[in-house]
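S.K.: Contents of run-v8.txt (compact mmCIF, C-alpha atoms and all ligand atoms) are below:
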# COMPACT_ATOMS: atom_id res chain seq x y z
CA MET A 1 22.16 -10.72 -14.48
CA ALA A 2 21.69 -8.90 -11.16
CA ILE A 3 20.17 -5.47 -11.56
CA SER A 4 22.05 -2.79 -9.65
CA ARG A 5 21.58 0.31 -11.86
CA ILE A 6 18.27 1.40 -13.29
CA ILE A 7 17.34 4.33 -15.50
CA LEU A 8 13.80 5.19 -14.45
CA GLY A 9 12.03 7.05 -17.26
CA VAL A 10 8.97 8.91 -16.01
CA THR A 11 6.42 10.03 -18.60
CA GLY A 12 3.40 12.29 -18.30
CA GLY A 13 0.60 10.38 -16.61
CA ILE A 14 -1.14 10.85 -13.27
CA ALA A 15 0.55 7.70 -11.94
CA ALA A 16 3.84 9.65 -12.05
CA TYR A 17 3.01 10.74 -8.50
CA LYS A 18 3.84 7.18 -7.39
CA THR A 19 7.38 7.32 -8.74
CA PRO A 20 9.05 8.75 -5.59
CA ALA A 21 7.75 5.64 -3.74
CA LEU A 22 9.03 3.44 -6.59
CA VAL A 23 12.49 5.03 -6.39
CA ARG A 24 12.49 4.53 -2.62
CA ARG A 25 11.60 0.81 -2.98
CA LEU A 26 14.35 0.30 -5.56
CA LYS A 27 16.88 2.10 -3.34
CA ASP A 28 15.74 -0.04 -0.37
CA ARG A 29 16.76 -3.05 -2.49
CA GLY A 30 20.21 -1.56 -3.07
CA VAL A 31 19.60 -0.35 -6.64
CA GLU A 32 21.08 2.95 -7.93
CA VAL A 33 18.38 4.89 -9.76
CA GLN A 34 18.91 7.60 -12.36
CA VAL A 35 15.63 9.35 -13.04
CA VAL A 36 14.93 10.73 -16.51
CA LEU A 37 11.82 12.91 -16.84
CA THR A 38 9.97 13.76 -20.02
CA ARG A 39 8.63 17.29 -20.40
CA SER A 40 5.04 16.30 -19.67
CA ALA A 41 6.05 14.21 -16.61
CA ARG A 42 6.98 17.52 -14.95
CA GLU A 43 3.28 18.35 -14.84
CA PHE A 44 2.74 15.45 -12.39
CA VAL A 45 5.86 15.08 -10.24
CA THR A 46 8.68 17.42 -9.25
CA GLU A 47 12.34 17.13 -10.04
CA THR A 48 13.16 18.17 -6.45
CA THR A 49 11.30 15.20 -4.94
CA LEU A 50 12.81 12.69 -7.34
CA GLN A 51 16.29 14.11 -6.84
CA ALA A 52 15.85 13.92 -3.04
CA VAL A 53 14.73 10.26 -3.06
CA SER A 54 17.17 9.05 -5.75
CA GLY A 55 20.14 11.04 -4.47
CA LEU A 56 21.09 11.87 -8.09
CA PRO A 57 20.32 14.95 -10.21
CA VAL A 58 17.33 14.26 -12.44
CA ARG A 59 18.06 14.24 -16.20
CA ASP A 60 15.58 15.62 -18.69
CA ASN A 61 17.44 17.27 -21.51
CA LEU A 62 19.47 15.79 -24.34
CA TRP A 63 21.12 19.13 -24.98
CA ASP A 64 22.11 20.17 -21.43
CA LYS A 65 25.86 20.81 -21.72
CA GLU A 66 26.52 20.54 -17.97
CA THR A 67 24.87 17.16 -17.38
CA GLU A 68 26.15 15.80 -20.70
CA ALA A 69 29.67 16.79 -19.62
CA ALA A 70 29.22 14.87 -16.33
CA MET A 71 27.87 11.74 -18.07
CA GLY A 72 26.93 11.81 -21.75
CA HIS A 73 23.73 10.09 -22.84
CA ILE A 74 25.59 7.25 -24.57
CA GLU A 75 27.58 6.64 -21.39
CA LEU A 76 24.34 6.78 -19.38
CA ALA A 77 22.70 4.28 -21.73
CA ARG A 78 25.63 1.90 -21.10
CA TRP A 79 25.65 2.55 -17.32
CA ALA A 80 22.20 1.02 -16.82
CA ASP A 81 21.41 -2.67 -16.27
CA LEU A 82 17.76 -1.89 -17.02
CA VAL A 83 15.67 0.95 -18.42
CA LEU A 84 12.31 1.05 -16.68
CA ILE A 85 9.60 3.41 -17.92
CA ALA A 86 6.89 3.97 -15.32
CA PRO A 87 4.34 5.22 -15.92
CA ALA A 88 4.49 4.58 -19.67
CA THR A 89 1.94 6.59 -21.67
CA ALA A 90 0.42 5.60 -25.02
CA GLU A 91 2.69 8.26 -26.56
CA ILE A 92 5.96 6.75 -25.28
CA MET A 93 4.81 3.27 -26.35
CA SER A 94 4.20 4.63 -29.83
CA ARG A 95 7.61 6.32 -29.95
CA LEU A 96 9.40 3.19 -28.73
CA ALA A 97 7.51 1.05 -31.25
CA SER A 98 8.37 3.35 -34.14
CA GLY A 99 11.97 3.92 -33.04
CA SER A 100 11.67 7.69 -33.00
CA ALA A 101 14.00 9.49 -30.60
CA PRO A 102 13.12 13.16 -30.19
CA ASP A 103 14.17 13.44 -26.52
CA LEU A 104 16.58 12.10 -23.92
CA LEU A 105 14.46 9.14 -22.75
CA THR A 106 13.69 7.76 -26.21
CA THR A 107 17.33 8.33 -27.26
CA LEU A 108 18.50 6.34 -24.23
CA CYS A 109 16.12 3.53 -25.15
CA LEU A 110 17.62 3.34 -28.64
CA ALA A 111 21.20 3.67 -27.41
CA THR A 112 21.04 1.10 -24.62
CA GLU A 113 21.82 -2.58 -24.80
CA ALA A 114 20.16 -3.09 -21.44
CA ARG A 115 16.73 -4.69 -21.02
CA ILE A 116 13.74 -2.35 -21.24
CA ALA A 117 10.65 -2.71 -19.06
CA ILE A 118 7.56 -0.52 -19.19
CA ALA A 119 4.62 -0.13 -16.81
CA PRO A 120 1.81 1.29 -18.97
CA ALA A 121 -0.74 3.62 -17.36
CA MET A 122 -3.58 5.26 -19.22
CA ASN A 123 -7.35 5.50 -19.53
CA HIS A 124 -8.87 2.04 -20.08
CA VAL A 125 -10.42 3.02 -23.43
CA MET A 126 -7.01 4.16 -24.69
CA TRP A 127 -5.38 0.93 -23.45
CA VAL A 128 -7.70 -1.33 -25.48
CA LYS A 129 -7.42 0.75 -28.70
CA ASP A 130 -5.99 -1.25 -31.62
CA ALA A 131 -3.11 1.20 -32.13
CA VAL A 132 -1.97 0.88 -28.51
CA GLN A 133 -2.36 -2.90 -28.49
CA GLU A 134 -0.42 -3.15 -31.74
CA ASN A 135 2.40 -1.12 -30.21
CA ARG A 136 2.30 -3.33 -27.10
CA ARG A 137 2.62 -6.45 -29.28
CA ARG A 138 5.50 -4.97 -31.28
CA LEU A 139 7.35 -4.00 -28.13
CA GLU A 140 6.78 -7.41 -26.56
CA GLU A 141 8.03 -9.14 -29.73
CA ARG A 142 11.22 -7.06 -29.46
CA GLY A 143 11.77 -8.25 -25.89
CA VAL A 144 10.39 -5.25 -23.99
CA HIS A 145 9.05 -6.48 -20.65
CA ILE A 146 5.49 -5.18 -20.14
CA LEU A 147 4.37 -4.87 -16.51
CA GLY A 148 0.58 -4.68 -16.21
CA PRO A 149 -1.41 -2.58 -16.38
CA ASP A 150 -3.73 -3.42 -13.48
CA ASP A 151 -7.48 -3.40 -13.73
CA GLY A 152 -9.43 -1.14 -11.33
CA ASP A 153 -10.53 2.38 -10.45
CA GLN A 154 -8.84 5.04 -12.54
CA ALA A 155 -7.94 8.64 -11.74
CA CYS A 156 -10.52 9.79 -14.32
CA GLY A 157 -13.27 8.18 -12.21
CA GLU A 158 -13.79 5.24 -14.58
CA THR A 159 -12.92 1.59 -14.07
CA GLY A 160 -11.00 -0.82 -16.26
CA PRO A 161 -7.52 -1.94 -17.31
CA GLY A 162 -4.98 0.90 -17.33
CA ARG A 163 -3.82 1.48 -13.74
CA MET A 164 -0.07 1.42 -13.30
CA VAL A 165 1.09 -1.69 -11.43
CA SER A 166 1.96 -0.72 -7.83
CA PRO A 167 5.57 0.22 -6.98
CA ASP A 168 5.85 -2.91 -4.78
CA ASP A 169 4.69 -5.19 -7.60
CA ILE A 170 7.00 -3.50 -10.13
CA VAL A 171 9.97 -4.04 -7.82
CA ALA A 172 8.95 -7.65 -7.09
CA SER A 173 8.59 -8.40 -10.84
CA LEU A 174 11.98 -6.93 -11.66
CA LEU A 175 14.02 -7.99 -8.66
CA GLY A 176 12.02 -10.91 -7.25
CA PRO A 177 10.33 -10.95 -3.84
CA ALA A 178 12.26 -9.22 -1.07
CA ALA A 179 14.38 -11.56 1.00
CA ALA A 180 12.59 -12.37 4.21
CA HIS A 181 13.77 -10.08 6.96
CA PRO A 182 14.31 -12.33 9.95
CA VAL A 183 12.61 -10.11 12.56
CA LEU A 184 9.25 -11.81 12.14
CA SER A 185 10.28 -15.17 10.74
CA GLY A 186 8.48 -17.98 12.52
CA LYS A 187 5.81 -15.54 13.72
CA SER A 188 2.19 -15.85 12.79
CA ILE A 189 0.16 -12.66 12.36
CA LEU A 190 -3.56 -12.22 11.87
CA ILE A 191 -4.64 -8.87 10.41
CA THR A 192 -8.15 -7.56 9.77
CA ALA A 193 -8.62 -5.02 6.97
CA GLY A 194 -11.24 -3.21 4.96
CA PRO A 195 -14.85 -2.34 5.78
CA THR A 196 -17.71 -4.60 6.83
CA TYR A 197 -21.08 -4.78 5.09
CA GLU A 198 -24.13 -4.90 7.35
CA ALA A 199 -27.11 -6.05 5.32
CA ILE A 200 -30.37 -4.08 5.50
CA ASP A 201 -32.23 -6.21 2.98
CA PRO A 202 -31.12 -8.42 0.04
CA VAL A 203 -29.90 -5.39 -1.98
CA ARG A 204 -28.78 -2.79 0.54
CA TYR A 205 -26.17 -2.59 3.26
CA ILE A 206 -24.46 -0.22 5.69
CA THR A 207 -20.72 0.23 5.24
CA ASN A 208 -17.93 2.84 5.48
CA ARG A 209 -15.15 4.32 3.35
CA SER A 210 -12.35 1.87 4.23
CA SER A 211 -10.46 0.73 1.11
CA GLY A 212 -8.35 -1.89 2.92
CA LYS A 213 -5.13 -0.13 1.85
CA MET A 214 -3.79 0.34 5.40
CA GLY A 215 -4.43 -3.25 6.48
CA TYR A 216 -3.15 -4.69 3.19
CA ALA A 217 0.03 -2.56 3.44
CA LEU A 218 0.58 -3.92 6.97
CA ALA A 219 0.10 -7.46 5.72
CA ALA A 220 2.71 -6.83 2.99
CA ALA A 221 5.17 -5.29 5.48
CA CYS A 222 4.77 -8.14 7.99
CA GLN A 223 5.16 -10.71 5.23
CA GLU A 224 8.27 -8.89 3.96
CA ALA A 225 9.58 -9.11 7.53
CA GLY A 226 9.26 -12.90 7.39
CA ALA A 227 5.91 -13.47 9.11
CA ASP A 228 3.23 -15.95 8.13
CA VAL A 229 0.29 -13.58 7.53
CA LEU A 230 -3.44 -14.22 7.38
CA LEU A 231 -5.65 -11.32 6.28
CA VAL A 232 -9.29 -11.44 7.30
CA SER A 233 -10.67 -8.91 4.88
CA GLY A 234 -13.95 -7.13 4.37
CA PRO A 235 -15.02 -6.43 0.76
CA VAL A 236 -12.33 -4.38 -1.05
CA SER A 237 -11.26 -3.87 -4.64
CA ILE A 238 -7.48 -4.02 -4.14
CA SER A 239 -5.32 -7.10 -4.71
CA PRO A 240 -3.78 -8.87 -1.75
CA PRO A 241 0.02 -8.86 -1.41
CA VAL A 242 1.65 -11.86 -3.09
CA GLY A 243 2.05 -14.74 -0.62
CA VAL A 244 -0.47 -13.47 1.93
CA LYS A 245 -3.45 -15.74 2.65
CA VAL A 246 -6.79 -13.93 2.53
CA LEU A 247 -10.06 -14.91 4.14
CA PRO A 248 -12.81 -12.72 2.64
CA VAL A 249 -15.75 -11.84 4.90
CA GLN A 250 -18.73 -9.50 4.67
CA SER A 251 -20.23 -8.56 8.02
CA ALA A 252 -18.75 -7.77 11.43
CA ALA A 253 -20.22 -11.05 12.72
CA ASP A 254 -18.47 -12.97 9.87
CA MET A 255 -15.22 -11.18 10.69
CA HIS A 256 -15.56 -11.98 14.39
CA ALA A 257 -16.14 -15.67 13.63
CA ALA A 258 -13.27 -15.86 11.10
CA VAL A 259 -10.82 -14.18 13.49
CA HIS A 260 -11.63 -16.51 16.37
CA ALA A 261 -11.55 -19.59 14.11
CA HIS A 262 -8.00 -18.75 12.98
CA LEU A 263 -6.45 -17.18 16.07
CA ASP A 264 -4.90 -20.35 17.38
CA GLY A 265 -1.11 -20.00 17.32
CA ALA A 266 -1.15 -16.31 16.29
CA ASP A 267 1.61 -14.27 17.93
CA ILE A 268 0.24 -10.87 16.90
CA PHE A 269 -3.26 -9.63 16.06
CA VAL A 270 -3.73 -6.32 14.22
CA GLY A 271 -7.24 -4.88 13.90
CA ALA A 272 -6.97 -2.45 10.99
CA ALA A 273 -10.49 -3.14 9.72
CA ALA A 274 -13.17 -0.50 9.99
CA VAL A 275 -15.69 -2.80 11.69
CA SER A 276 -19.24 -1.58 11.89
CA ASP A 277 -20.18 -0.94 15.52
CA TYR A 278 -23.82 -1.74 14.73
CA ARG A 279 -25.73 -4.14 12.52
CA VAL A 280 -29.34 -4.06 11.39
CA ALA A 281 -31.35 -5.68 14.18
CA ASP A 282 -33.79 -7.36 11.85
CA ILE A 283 -32.56 -7.87 8.26
CA SER A 284 -35.50 -7.80 5.86
CA ARG A 285 -35.85 -10.97 3.79
CA ASP A 286 -37.26 -8.96 0.88
CA LYS A 287 -36.31 -5.62 -0.60
CA ILE A 288 -37.81 -2.88 1.55
CA LYS A 289 -40.40 -0.98 -0.46
CA LYS A 290 -40.67 2.80 -0.47
CA SER A 291 -43.55 3.85 1.81
CA GLY A 292 -44.10 7.14 3.62
CA ASP A 293 -41.59 10.00 4.09
CA ASP A 294 -39.49 8.47 6.84
CA LEU A 295 -38.02 5.10 7.46
CA SER A 296 -36.37 4.01 10.71
CA ILE A 297 -34.13 1.01 10.97
CA ALA A 298 -33.32 -0.43 14.39
CA LEU A 299 -29.65 -1.25 14.95
CA ALA A 300 -28.06 -3.68 17.39
CA GLN A 301 -24.49 -3.46 18.66
CA ASN A 302 -21.88 -5.81 17.14
CA ALA A 303 -19.43 -7.71 19.31
CA ASP A 304 -16.05 -5.94 19.56
CA ILE A 305 -13.50 -8.17 17.83
CA LEU A 306 -10.42 -6.35 19.12
CA ALA A 307 -11.63 -6.35 22.73
CA SER A 308 -12.57 -10.05 22.49
CA VAL A 309 -9.06 -10.95 21.26
CA ALA A 310 -7.37 -8.77 23.89
CA ALA A 311 -9.47 -10.45 26.60
CA LEU A 312 -8.10 -13.94 25.85
CA SER A 313 -5.85 -15.12 28.66
CA ASP A 314 -3.20 -16.64 26.37
CA GLY A 315 -4.04 -14.48 23.35
CA PRO A 316 -1.67 -12.73 20.94
CA PHE A 317 -0.01 -9.31 21.25
CA THR A 318 -2.93 -7.10 20.27
CA VAL A 319 -2.75 -3.97 18.11
CA GLY A 320 -5.86 -1.91 17.45
CA PHE A 321 -6.54 1.19 15.41
CA ALA A 322 -8.57 4.25 16.38
CA ALA A 323 -10.19 6.27 13.60
CA GLU A 324 -11.19 9.68 14.95
CA THR A 325 -12.30 13.03 13.58
CA THR A 326 -11.55 15.03 16.77
CA HIS A 327 -9.58 14.72 20.05
CA LEU A 328 -7.34 11.99 18.63
CA ARG A 329 -5.16 11.47 21.70
CA GLU A 330 -8.02 11.49 24.19
CA HIS A 331 -10.18 9.02 22.25
CA ALA A 332 -7.25 6.77 21.36
CA LEU A 333 -6.11 6.51 24.99
CA ALA A 334 -9.69 5.76 26.04
CA LYS A 335 -9.85 2.93 23.43
CA LEU A 336 -6.48 1.55 24.58
CA GLU A 337 -7.83 1.36 28.11
CA LYS A 338 -11.37 0.18 27.32
CA LYS A 339 -10.43 -2.51 24.76
CA LYS A 340 -7.31 -3.58 26.74
CA ALA A 341 -5.20 -3.67 23.57
CA ASP A 342 -1.39 -3.65 23.85
CA MET A 343 -1.09 -0.83 21.30
CA ILE A 344 -3.42 1.60 19.56
CA VAL A 345 -2.58 3.19 16.21
CA ALA A 346 -4.59 6.41 16.04
CA ASN A 347 -5.41 8.22 12.83
CA LEU A 348 -7.40 11.34 12.13
CA VAL A 349 -9.82 10.44 9.38
CA GLY A 350 -11.63 12.60 6.84
CA LYS A 351 -10.01 15.61 5.12
CA ASP A 352 -8.02 13.39 2.72
CA LEU A 353 -6.42 11.27 5.44
CA GLY A 354 -7.05 7.79 6.76
CA PHE A 355 -9.89 6.30 4.72
CA ASP A 356 -9.33 5.47 1.05
CA THR A 357 -6.14 7.48 0.60
CA ASP A 358 -2.62 6.40 -0.33
CA ASP A 359 -1.07 8.32 2.59
CA ASN A 360 -1.68 8.31 6.31
CA ALA A 361 -0.28 9.88 9.48
CA VAL A 362 -0.65 8.18 12.87
CA ASP A 363 0.10 8.51 16.57
CA VAL A 364 0.73 5.23 18.34
CA TYR A 365 -0.01 4.72 22.04
CA TRP A 366 0.82 1.94 24.46
CA LYS A 367 0.99 1.73 28.25
CA GLY A 368 3.82 4.07 29.19
CA GLY A 369 4.78 5.27 25.70
CA GLU A 370 3.80 6.86 22.43
CA GLN A 371 5.30 7.61 19.01
CA SER A 372 4.14 9.74 16.07
CA PHE A 373 4.58 9.00 12.38
CA SER A 374 4.08 11.99 10.08
CA LYS A 375 2.19 11.73 6.79
CA ARG A 376 3.69 9.19 4.40
CA ASP A 377 2.74 6.55 1.85
CA LYS A 378 0.78 3.72 3.56
CA ALA A 379 3.34 1.13 2.40
CA MET A 380 6.17 3.09 4.04
CA LEU A 381 4.09 3.74 7.13
CA ALA A 382 3.28 0.03 7.38
CA ARG A 383 6.99 -0.82 7.39
CA ASP A 384 7.63 1.74 10.14
CA LEU A 385 4.67 0.45 12.16
CA THR A 386 5.90 -3.14 11.73
CA THR A 387 9.27 -2.17 13.21
CA LEU A 388 7.52 -0.58 16.20
CA ILE A 389 5.15 -3.54 16.64
CA VAL A 390 8.14 -5.91 16.66
CA GLU A 391 9.91 -3.77 19.31
CA ARG A 392 6.82 -3.54 21.53
CA HIS A 393 6.02 -7.25 21.07
CA LEU A 394 9.56 -8.20 22.12
CA GLU A 395 9.41 -5.88 25.12
CA HIS A 396 5.99 -7.29 26.04
CA SER A 397 7.18 -10.93 25.77
CA HIS A 398 10.28 -10.08 27.85
CA THR A 399 8.14 -8.43 30.55
CA ALA A 400 5.69 -11.34 30.56
CA MET A 401 8.52 -13.87 30.78
CA THR A 402 10.40 -12.09 33.58
CA ALA A 403 7.15 -11.67 35.54
CA GLU A 404 6.87 -15.47 35.62
CA LEU A 405 10.47 -16.00 36.87
CA PRO A 406 11.53 -15.98 40.51
CA ALA A 407 12.96 -12.50 41.40
CA THR A 408 16.50 -13.91 41.85
CA MET A 409 16.63 -15.00 38.19
CA VAL A 410 15.57 -11.65 36.69
CA ARG A 411 18.37 -9.59 35.19
CA ASP A 412 18.31 -6.74 32.63
O1 LIG B 1 -8.76 0.94 4.75
P1 LIG B 1 -8.16 2.29 4.45
O2 LIG B 1 -8.96 3.05 3.40
O3 LIG B 1 -6.71 2.21 4.12
O4 LIG B 1 -8.29 3.19 5.78
C1 LIG B 1 -7.56 2.86 6.90
C2 LIG B 1 -8.40 2.98 8.18
C3 LIG B 1 -8.74 4.43 8.43
C4 LIG B 1 -9.69 2.15 8.07
C5 LIG B 1 -7.50 2.39 9.33
O5 LIG B 1 -6.32 3.13 9.43
C6 LIG B 1 -8.24 2.43 10.66
O6 LIG B 1 -8.26 3.41 11.38
N1 LIG B 1 -8.91 1.28 11.01
C7 LIG B 1 -9.81 1.19 12.18
C8 LIG B 1 -11.11 1.86 11.85
C9 LIG B 1 -12.10 1.75 12.99
O7 LIG B 1 -13.05 1.06 12.89
O8 LIG B 1 -11.74 2.42 14.07
P2 LIG B 1 -12.62 2.46 15.43
O9 LIG B 1 -12.02 3.57 16.18
O10 LIG B 1 -14.07 2.51 15.12
O11 LIG B 1 -12.32 1.06 16.11
C10 LIG B 1 -11.26 0.88 17.03
C11 LIG B 1 -10.67 -0.51 16.89
O12 LIG B 1 -11.63 -1.49 17.27
C12 LIG B 1 -10.20 -0.87 15.50
O13 LIG B 1 -9.01 -1.63 15.63
C13 LIG B 1 -11.34 -1.75 14.96
O14 LIG B 1 -10.86 -2.70 14.03
C14 LIG B 1 -11.80 -2.43 16.24
N2 LIG B 1 -13.22 -2.82 16.26
C15 LIG B 1 -14.23 -1.90 16.19
C16 LIG B 1 -15.54 -2.32 16.28
C17 LIG B 1 -15.82 -3.69 16.42
N3 LIG B 1 -17.06 -4.14 16.48
N4 LIG B 1 -14.82 -4.58 16.47
C18 LIG B 1 -13.54 -4.17 16.41
O15 LIG B 1 -12.61 -4.99 16.44
Could you express the structure from this file as structure tokens?
Ligand code: PMT
M.R.:
Amino acid sequence: MAISRIILGVTGGIAAYKTPALVRRLKDRGVEVQVVLTRSAREFVTETTLQAVSGLPVRDNLWDKETEAAMGHIELARWADLVLIAPATAEIMSRLASGSAPDLLTTLCLATEARIAIAPAMNHVMWVKDAVQENRRRLEERGVHILGPDDGDQACGETGPGRMVSPDDIVASLLGPAAAHPVLSGKSILITAGPTYEAIDPVRYITNRSSGKMGYALAAACQEAGADVLLVSGPVSISPPVGVKVLPVQSAADMHAAVHAHLDGADIFVGAAAVSDYRVADISRDKIKKSGDDLSIALAQNADILASVAALSDGPFTVGFAAETTHLREHALAKLEKKKADMIVANLVGKDLGFDTDDNAVDVYWKGGEQSFSKRDKAMLARDLTTLIVERHLEHSHTAMTAELPATMVRD
């Protein structure tokens, strides 16, 4: 059955901050979303935000006469095609498994005939506890669809299974992959993402704080828009978007070689990777031993991948990034000019923006134009950037084509 109405139950875990993005993705796919908050969820996400993105008043109270008069909880339970609980804490799993219903969300789960799906999120030690795993098994046996959790870095600073599955993956699991948007169908896009590792000796390297999130989000957005995407990625710990081919590399030299080996036929190149400008001039074959108070390491400049792609005579439409800590506009325009890219996406980095964050804000520059995108989730930003890249690419191809035609054949 097609899913067009979802009750989204949000419980009290740190991953609740991702639920506005989840609501937005579901709405983008044409789904009506009624958010139901538990009391502890309010500690992590606001009713105002969820109401703004869902377009419906948030429900949280079984005994609220006003909301019950508008749509009683039994009616609400019947309204939904699916009840999704994300994030689902160990507590809600236990309540669902035991059938207790002390609040609106658990009551809805008992009163509904719709399918129930949960996206657990908790500390990895809690997730592997027998009690939690027993509840998971009981829920699964009763037909509850369990999404994840993912394995990786956790908000508590530890690593393991317990991260909530990403909003994009939740939506794809429930509704299937998004239908290809035709704007980029038939187009081939090569994207670089993540950091590079420049070896010092067999156990040490020079790198930077890039997580790959920006480049991976762009790959997902371009793929969603119908493109055939290849990601050339430095070492990261995030999963690639479903359907995107990934070529893992380590150093800037590896990335340079991989890009040029796969550029043939690419329509668009996006350099979102934080490529090291320098490598160690002479990599030590053995681990460097501690000796003396100081140690100097000579560095040699790496080839500029973006500039080398932009310099190709029949190369792709070229989009670079500029990561700056000051004078964003000035430095970005200088990079646009020096590297001869068609577009530069400039971001201020540091202070919780740019590197290894879920959000970003950028100013985009091209010859004769610019556009700003205020702070938003990288997945949303990537979609907005993709739309702009498509517009600029079309304009660029049109200009290039008309430049080749005799003047008498050129019309607007
Ligand atoms: O990965 P995240 O944690 O999500 O963070 C995202 C990001 C901050 C890494 C991303 O938004 C970003 O800004 N990427 C480019 C980072 C960077 O290296 O900027 P730069 O100003 O040093 O380089 C300018 C451009 O030249 C970039 O497109 C870069 O890929 C490219 N370059 C740089 C050096 C080099 N040797 N070859 C290159 O191609």
S.K.: Please return as number ranges by chain the residues found within 8 Å of ligand LIG 1 (chain B), counting all atoms listed in the file.
M.R.: A: 192-195, 209-216, 252, 256, 270-278, 301-308, 319-324, 332, 335, 339, 344-349, 353-358, 360, 378
S.K.: Would you kindly return, as a VMD selection string, each protein, DNA or RNA residue with an atom no farther than 12 Å from any atom of Phe317 in chain A, considering only C-alpha atoms and excluding same-chain residues fewer than 4 positions away?
M.R.: chain A and resid 187 to 191 263 265 to 271 306 309 to 313 340 to 344 366 389 to 397 400
S.K.: Would you mind exporting C-alpha atoms of the selected residues as a compact mmCIF listing (two decimals), in the frame of the given file?
M.R.:
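Writing the result to again_35.txt gives the following:
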# COMPACT_ATOMS: atom_id res chain seq x y z
CA LYS A 187 5.81 -15.54 13.72
CA SER A 188 2.19 -15.85 12.79
CA ILE A 189 0.16 -12.66 12.36
CA LEU A 190 -3.56 -12.22 11.87
CA ILE A 191 -4.64 -8.87 10.41
CA LEU A 263 -6.45 -17.18 16.07
CA GLY A 265 -1.11 -20.00 17.32
CA ALA A 266 -1.15 -16.31 16.29
CA ASP A 267 1.61 -14.27 17.93
CA ILE A 268 0.24 -10.87 16.90
CA PHE A 269 -3.26 -9.63 16.06
CA VAL A 270 -3.73 -6.32 14.22
CA GLY A 271 -7.24 -4.88 13.90
CA LEU A 306 -10.42 -6.35 19.12
CA VAL A 309 -9.06 -10.95 21.26
CA ALA A 310 -7.37 -8.77 23.89
CA ALA A 311 -9.47 -10.45 26.60
CA LEU A 312 -8.10 -13.94 25.85
CA SER A 313 -5.85 -15.12 28.66
CA LYS A 340 -7.31 -3.58 26.74
CA ALA A 341 -5.20 -3.67 23.57
CA ASP A 342 -1.39 -3.65 23.85
CA MET A 343 -1.09 -0.83 21.30
CA ILE A 344 -3.42 1.60 19.56
CA TRP A 366 0.82 1.94 24.46
CA ILE A 389 5.15 -3.54 16.64
CA VAL A 390 8.14 -5.91 16.66
CA GLU A 391 9.91 -3.77 19.31
CA ARG A 392 6.82 -3.54 21.53
CA HIS A 393 6.02 -7.25 21.07
CA LEU A 394 9.56 -8.20 22.12
CA GLU A 395 9.41 -5.88 25.12
CA HIS A 396 5.99 -7.29 26.04
CA SER A 397 7.18 -10.93 25.77
CA ALA A 400 5.69 -11.34 30.56
S.K.: In Å, with one decimal, what is the gap from CA of Ala77 in chain A to CA of Arg136 in chain A?
M.R.: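 Calculated distance between CA of Ala77 in chain A and CA of Arg136 in chain A is 22.4 Å.
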S.K.: In Å, with one decimal, what is the gap from CA of Tyr197 in chain A to CA of Asp286 in chain A?
M.R.: 17.2 Å
S.K.: As a PyMOL selection string, please: the residues near range 146-148 of chain A (cut-off 9 Å, only C-alpha atoms, same-chain neighbours under 2 positions excluded).
M.R.: chain A and resi 116-121+136+139-140+144+150-151+161-165+169-170+173
S.K.: Just the selected residues (C-alpha atoms), exported as a PDB file, in the frame of the given file, please.
M.R.:
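Resulting contents of selection_33.pdb:
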ATOM      1  CA  ILE A 116      13.740  -2.350 -21.240  1.00  0.00           C
ATOM      2  CA  ALA A 117      10.650  -2.710 -19.060  1.00  0.00           C
ATOM      3  CA  ILE A 118       7.560  -0.520 -19.190  1.00  0.00           C
ATOM      4  CA  ALA A 119       4.620  -0.130 -16.810  1.00  0.00           C
ATOM      5  CA  PRO A 120       1.810   1.290 -18.970  1.00  0.00           C
ATOM      6  CA  ALA A 121      -0.740   3.620 -17.360  1.00  0.00           C
ATOM      7  CA  ARG A 136       2.300  -3.330 -27.100  1.00  0.00           C
ATOM      8  CA  LEU A 139       7.350  -4.000 -28.130  1.00  0.00           C
ATOM      9  CA  GLU A 140       6.780  -7.410 -26.560  1.00  0.00           C
ATOM     10  CA  VAL A 144      10.390  -5.250 -23.990  1.00  0.00           C
ATOM     11  CA  ASP A 150      -3.730  -3.420 -13.480  1.00  0.00           C
ATOM     12  CA  ASP A 151      -7.480  -3.400 -13.730  1.00  0.00           C
ATOM     13  CA  PRO A 161      -7.520  -1.940 -17.310  1.00  0.00           C
ATOM     14  CA  GLY A 162      -4.980   0.900 -17.330  1.00  0.00           C
ATOM     15  CA  ARG A 163      -3.820   1.480 -13.740  1.00  0.00           C
ATOM     16  CA  MET A 164      -0.070   1.420 -13.300  1.00  0.00           C
ATOM     17  CA  VAL A 165       1.090  -1.690 -11.430  1.00  0.00           C
ATOM     18  CA  ASP A 169       4.690  -5.190  -7.600  1.00  0.00           C
ATOM     19  CA  ILE A 170       7.000  -3.500 -10.130  1.00  0.00           C
ATOM     20  CA  SER A 173       8.590  -8.400 -10.840  1.00  0.00           C
TER      21      SER A 173
END
S.K.: Report the distance between CA of Lys367 in chain A and CA of Ala227 in chain A in Å, rounded to one decimal place.
M.R.: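 Atom-to-atom, CA of Lys367 in chain A and CA of Ala227 in chain A are spaced 24.9 Å apart.
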S.K.: Would you please work out which residue, of A:Pro240, A:Pro102, A:Pro87, A:Gly226, is nearest to Gly9 in chain A when using all atoms listed in the file?
M.R.: A:Pro87
